[in-house]
Amino acid sequence: MANDRIFDQHYSLNLARLRPGKQSETFELNRAFFEHLDFSPTKEGSLSATLDIVKYDRHLDVKFHISGFVKLDCDRCLEPYDQEVDTTQRIIYAFDPDTRFDDTEVIAVDEDEPELSVVQELYDFIQISLPLRRVPPLDVHACNPDVLALLGLDPKGKPLKKVPQAPSDDDIDPRWEVLKKLKQQPEDQDSPQV
């Protein structure tokens with residue numbers, strides 16, 4: 001647990017040190033950040049998080065700006081690529097649990113705590129900025145053409161136009177041949193007794 005405390009302190013705001021008014025804090029997020037989070041599917045990246053903080057008497061207004069990249073696996077070919085991240089989010093940390101703002105998330109915090117960990121917020125903002133379908137543009141990463149062909153895609157990732165082919169006699173299952181013969185029997189013959 002001591003390791004978790006040290007980790008949290010590294011990504012925390014020192015509430016006792018914050019002065020009223022505007023200030024900022026910057027955090028570097030790298031492989032160590034993601035590897036410490038056991039639940040994170042992202043394990044590598046290089047990001048900078050700048051927190052613009054305005055301290056009021058009863059709350060902190062914090063704007064998170066996170067930019068850089070994380071390494072993701074392509075959903076098509078599973079090769080890693082660098083996904084750009086550039087997101088800005090805002091949270092109000094209120095010392096009074098009854099504080100409400102119309103359009104911003106409010107998190108109640110204990111004013112007597114010396115530090116406010118922002119690890120979860122940093123992680124969450126990175127994750128929600130990532131695309132659901134993780135396929136990079138061609139100028140970032142090109143999938144293996146063999147993999148694309150197996151998926152029925154051209155080298156640019158677009159579906160191949162398939163030309164319908166009539167099945168050859170070799171492709172027909174022999175059991176269907178027997179059924180075809182039954183269907184072709186003249187109707188005046190008695191149907192076979194089962």
# chains A, B, ... in the order shown; residues from 1 in each chain; ligands from 1
$ residues_around --residues "stretch 4-17 of chain A" --least-positions-apart "2" --cutoff "8 Å" --atoms "only C-alpha atoms" --output "list in words"
Met1, Ala2, Arg19, Glu25, Phe27, Glu111, Glu113, Pro114, Glu115, Leu116, Ser117, Val118 and Val119 of chain A
$ closest_atom_pairs --of "stretch 34-96 of chain A" --to "stretch 135-139 of chain A" --cutoff "9 Å" --atoms "only C-alpha atoms" --output "tab-separated table"
residue	atom	partner	partner_atom	distance
A:Asp73	CA	A:Val135	CA	8.4
A:Cys74	CA	A:Val135	CA	5.2
A:Asp75	CA	A:Val135	CA	5.8
A:Arg76	CA	A:Val135	CA	6.8
A:Cys77	CA	A:Val135	CA	9.0
A:Tyr81	CA	A:Pro136	CA	7.4
A:Asp82	CA	A:Pro136	CA	8.3
A:Gln83	CA	A:Pro136	CA	7.3
$ residues_around --residues "A:Gln89" --least-positions-apart "4" --cutoff "10 Å" --atoms "only C-alpha atoms" --output "list in words"
Leu51, Val62, Lys63, Phe64, His65, Ile66, Thr104, Glu105, Glu121, Leu122 and Phe125 of chain A
$ select_by_dssp --residues "stretch 3-158 of chain A" --states "alpha helix (DSSP H)" --output "PyMOL selection string"
chain A and resi 3-10+31-36+119-129+145-150
$ closest_residue --among "A:Ile126, A:Leu150, A:Leu60, A:Leu160" --to "A:Ala108" --atoms "only C-alpha atoms"
A:Leu60
$ atom_distance --atom1 "atom CA of A:Lys43" --atom2 "atom CA of A:Leu130"
13.8 Å
$ residues_around --residues "A:Ala149" --least-positions-apart "2" --cutoff "12 Å" --atoms "only C-alpha atoms" --output "ChimeraX atom specification"
/A:76-77,143-147,151-162
$ write_last_selection --atoms "C-alpha atoms" --output "PDB file, in the first residue's frame"
ATOM      1  CA  ARG A  76      -7.972  -5.127 -37.857  1.00  0.00           C
ATOM      2  CA  CYS A  77      -4.461  -6.540 -37.733  1.00  0.00           C
ATOM      3  CA  CYS A 143      -2.149  -2.994 -41.908  1.00  0.00           C
ATOM      4  CA  ASN A 144      -0.473  -6.054 -43.375  1.00  0.00           C
ATOM      5  CA  PRO A 145      -1.971  -6.593 -46.886  1.00  0.00           C
ATOM      6  CA  ASP A 146      -2.309 -10.346 -46.249  1.00  0.00           C
ATOM      7  CA  VAL A 147      -4.443  -9.689 -43.174  1.00  0.00           C
ATOM      8  CA  LEU A 151     -10.752  -9.764 -44.075  1.00  0.00           C
ATOM      9  CA  GLY A 152     -11.996  -8.993 -47.600  1.00  0.00           C
ATOM     10  CA  LEU A 153     -10.447  -5.511 -47.653  1.00  0.00           C
ATOM     11  CA  ASP A 154      -8.221  -3.735 -50.133  1.00  0.00           C
ATOM     12  CA  PRO A 155      -4.851  -2.215 -49.047  1.00  0.00           C
ATOM     13  CA  LYS A 156      -6.669   0.988 -48.023  1.00  0.00           C
ATOM     14  CA  GLY A 157      -9.038  -0.910 -45.727  1.00  0.00           C
ATOM     15  CA  LYS A 158     -12.097  -0.627 -47.942  1.00  0.00           C
ATOM     16  CA  PRO A 159     -14.262  -3.670 -48.733  1.00  0.00           C
ATOM     17  CA  LEU A 160     -13.322  -5.528 -51.896  1.00  0.00           C
ATOM     18  CA  LYS A 161     -15.978  -5.739 -54.567  1.00  0.00           C
ATOM     19  CA  LYS A 162     -16.846  -9.376 -54.856  1.00  0.00           C
TER      20      LYS A 162
END
$ atom_distance --atom1 "atom CA of A:Val109" --atom2 "atom CA of A:Lys55"
13.4 Å
$ atom_distance --atom1 "atom CA of A:Pro131" --atom2 "atom CA of A:Thr87"
12.3 Å
$ select_by_dssp --residues "chain A" --states "strand (DSSP E or B)" --output "MDAnalysis selection string"
chainID A and resid 12:14 21:29 45:55 59:73 80:94 105:108 115:117 153 159
$ write_last_selection --atoms "C-alpha atoms" --output "PDB file, in the first residue's frame"
ATOM      1  CA  SER A  12      -2.144  14.784  -6.593  1.00  0.00           C
ATOM      2  CA  LEU A  13      -2.992  18.402  -5.948  1.00  0.00           C
ATOM      3  CA  ASN A  14      -1.629  19.732  -2.665  1.00  0.00           C
ATOM      4  CA  GLY A  21      -7.079  32.368  -7.644  1.00  0.00           C
ATOM      5  CA  LYS A  22      -5.551  30.866 -10.805  1.00  0.00           C
ATOM      6  CA  GLN A  23      -2.643  28.412 -10.955  1.00  0.00           C
ATOM      7  CA  SER A  24      -1.657  25.319 -12.897  1.00  0.00           C
ATOM      8  CA  GLU A  25      -0.069  21.909 -12.361  1.00  0.00           C
ATOM      9  CA  THR A  26       1.481  19.652 -14.987  1.00  0.00           C
ATOM     10  CA  PHE A  27       1.782  15.872 -14.824  1.00  0.00           C
ATOM     11  CA  GLU A  28       3.707  13.607 -17.187  1.00  0.00           C
ATOM     12  CA  LEU A  29       1.911  10.328 -17.920  1.00  0.00           C
ATOM     13  CA  GLY A  45       1.951   6.162 -23.758  1.00  0.00           C
ATOM     14  CA  SER A  46       3.528   9.565 -23.486  1.00  0.00           C
ATOM     15  CA  LEU A  47       1.150  12.314 -22.412  1.00  0.00           C
ATOM     16  CA  SER A  48       1.256  15.653 -20.694  1.00  0.00           C
ATOM     17  CA  ALA A  49      -1.657  16.701 -18.475  1.00  0.00           C
ATOM     18  CA  THR A  50      -1.963  20.371 -17.603  1.00  0.00           C
ATOM     19  CA  LEU A  51      -4.500  21.256 -14.935  1.00  0.00           C
ATOM     20  CA  ASP A  52      -5.633  24.875 -14.917  1.00  0.00           C
ATOM     21  CA  ILE A  53      -6.985  25.435 -11.427  1.00  0.00           C
ATOM     22  CA  VAL A  54      -9.033  28.285 -10.048  1.00  0.00           C
ATOM     23  CA  LYS A  55      -9.404  28.089  -6.266  1.00  0.00           C
ATOM     24  CA  HIS A  59     -14.605  24.849  -4.466  1.00  0.00           C
ATOM     25  CA  LEU A  60     -11.874  24.273  -7.043  1.00  0.00           C
ATOM     26  CA  ASP A  61     -12.638  24.726 -10.738  1.00  0.00           C
ATOM     27  CA  VAL A  62     -10.202  22.460 -12.614  1.00  0.00           C
ATOM     28  CA  LYS A  63      -9.790  22.254 -16.382  1.00  0.00           C
ATOM     29  CA  PHE A  64      -7.833  19.178 -17.524  1.00  0.00           C
ATOM     30  CA  HIS A  65      -5.981  19.411 -20.839  1.00  0.00           C
ATOM     31  CA  ILE A  66      -4.333  16.116 -21.819  1.00  0.00           C
ATOM     32  CA  SER A  67      -2.300  15.706 -24.990  1.00  0.00           C
ATOM     33  CA  GLY A  68       0.181  13.209 -26.392  1.00  0.00           C
ATOM     34  CA  PHE A  69      -0.263   9.614 -27.531  1.00  0.00           C
ATOM     35  CA  VAL A  70      -1.020   6.136 -26.240  1.00  0.00           C
ATOM     36  CA  LYS A  71      -0.057   2.876 -27.883  1.00  0.00           C
ATOM     37  CA  LEU A  72      -3.069   0.804 -28.981  1.00  0.00           C
ATOM     38  CA  ASP A  73      -3.525  -2.412 -30.943  1.00  0.00           C
ATOM     39  CA  PRO A  80       0.422  -1.622 -32.279  1.00  0.00           C
ATOM     40  CA  TYR A  81       0.153   1.993 -33.357  1.00  0.00           C
ATOM     41  CA  ASP A  82       0.304   5.427 -31.722  1.00  0.00           C
ATOM     42  CA  GLN A  83      -3.136   6.950 -31.112  1.00  0.00           C
ATOM     43  CA  GLU A  84      -3.104  10.714 -30.654  1.00  0.00           C
ATOM     44  CA  VAL A  85      -4.886  12.073 -27.571  1.00  0.00           C
ATOM     45  CA  ASP A  86      -5.959  15.692 -27.235  1.00  0.00           C
ATOM     46  CA  THR A  87      -8.812  16.321 -24.817  1.00  0.00           C
ATOM     47  CA  THR A  88     -10.034  19.051 -22.485  1.00  0.00           C
ATOM     48  CA  GLN A  89     -12.428  18.311 -19.619  1.00  0.00           C
ATOM     49  CA  ARG A  90     -13.650  20.227 -16.572  1.00  0.00           C
ATOM     50  CA  ILE A  91     -14.492  19.153 -13.018  1.00  0.00           C
ATOM     51  CA  ILE A  92     -15.568  21.137  -9.987  1.00  0.00           C
ATOM     52  CA  TYR A  93     -14.166  19.822  -6.690  1.00  0.00           C
ATOM     53  CA  ALA A  94     -16.512  21.152  -4.014  1.00  0.00           C
ATOM     54  CA  GLU A 105     -19.565  17.380 -12.959  1.00  0.00           C
ATOM     55  CA  VAL A 106     -19.152  18.152  -9.257  1.00  0.00           C
ATOM     56  CA  ILE A 107     -17.122  15.914  -6.952  1.00  0.00           C
ATOM     57  CA  ALA A 108     -17.331  16.484  -3.219  1.00  0.00           C
ATOM     58  CA  GLU A 115      -3.978  16.162  -1.027  1.00  0.00           C
ATOM     59  CA  LEU A 116      -6.451  15.442  -3.802  1.00  0.00           C
ATOM     60  CA  SER A 117      -5.485  12.515  -6.047  1.00  0.00           C
ATOM     61  CA  LEU A 153     -10.447  -5.511 -47.653  1.00  0.00           C
ATOM     62  CA  PRO A 159     -14.262  -3.670 -48.733  1.00  0.00           C
TER      63      PRO A 159
END
$ closest_residue --among "A:Gln120, A:Thr42, A:Ser129, A:Gln184" --to "A:Asn30" --atoms "only C-alpha atoms"
A:Thr42
$ decode --residues "stretch 15-29 of chain A" --atoms "N, CA, C and O atoms" --output "CSV table (one decimal), in the first residue's frame"
chain,number,residue,atom,x,y,z
A,15,LEU,N,-3.7,20.5,-1.6
A,15,LEU,CA,-4.8,21.4,-1.3
A,15,LEU,C,-4.3,22.5,-0.3
A,15,LEU,O,-4.7,23.7,-0.4
A,16,ALA,N,-3.4,22.1,0.6
A,16,ALA,CA,-2.9,23.1,1.6
A,16,ALA,C,-2.0,24.2,0.9
A,16,ALA,O,-2.0,25.3,1.3
A,17,ARG,N,-1.4,23.8,-0.2
A,17,ARG,CA,-0.5,24.7,-0.9
A,17,ARG,C,-1.2,25.6,-1.9
A,17,ARG,O,-0.6,26.7,-2.3
A,18,LEU,N,-2.4,25.2,-2.3
A,18,LEU,CA,-3.1,26.0,-3.4
A,18,LEU,C,-3.5,27.4,-2.8
A,18,LEU,O,-4.1,27.5,-1.8
A,19,ARG,N,-3.2,28.4,-3.6
A,19,ARG,CA,-3.6,29.8,-3.2
A,19,ARG,C,-4.9,30.1,-3.8
A,19,ARG,O,-5.2,29.6,-4.9
A,20,PRO,N,-5.7,31.0,-3.3
A,20,PRO,CA,-6.9,31.5,-4.0
A,20,PRO,C,-6.5,32.1,-5.3
A,20,PRO,O,-5.5,32.7,-5.4
A,21,GLY,N,-7.3,31.8,-6.3
A,21,GLY,CA,-7.1,32.4,-7.6
A,21,GLY,C,-6.6,31.3,-8.6
A,21,GLY,O,-6.7,30.1,-8.4
A,22,LYS,N,-6.0,31.8,-9.7
A,22,LYS,CA,-5.6,30.9,-10.8
A,22,LYS,C,-4.1,30.3,-10.6
A,22,LYS,O,-3.3,31.0,-10.1
A,23,GLN,N,-3.9,29.1,-10.9
A,23,GLN,CA,-2.6,28.4,-11.0
A,23,GLN,C,-2.7,27.2,-11.8
A,23,GLN,O,-3.8,26.8,-12.3
A,24,SER,N,-1.6,26.5,-12.1
A,24,SER,CA,-1.7,25.3,-12.9
A,24,SER,C,-0.7,24.3,-12.4
A,24,SER,O,0.3,24.7,-11.7
A,25,GLU,N,-0.9,23.0,-12.7
A,25,GLU,CA,-0.1,21.9,-12.4
A,25,GLU,C,0.1,21.1,-13.6
A,25,GLU,O,-0.9,21.0,-14.4
A,26,THR,N,1.2,20.5,-13.8
A,26,THR,CA,1.5,19.7,-15.0
A,26,THR,C,2.0,18.3,-14.5
A,26,THR,O,2.8,18.2,-13.6
A,27,PHE,N,1.4,17.3,-15.1
A,27,PHE,CA,1.8,15.9,-14.8
A,27,PHE,C,2.2,15.2,-16.1
A,27,PHE,O,1.5,15.4,-17.2
A,28,GLU,N,3.3,14.4,-16.0
A,28,GLU,CA,3.7,13.6,-17.2
A,28,GLU,C,3.2,12.2,-17.0
A,28,GLU,O,3.4,11.6,-15.9
A,29,LEU,N,2.5,11.7,-18.0
A,29,LEU,CA,1.9,10.3,-17.9
A,29,LEU,C,2.6,9.4,-18.9
A,29,LEU,O,2.6,9.7,-20.1
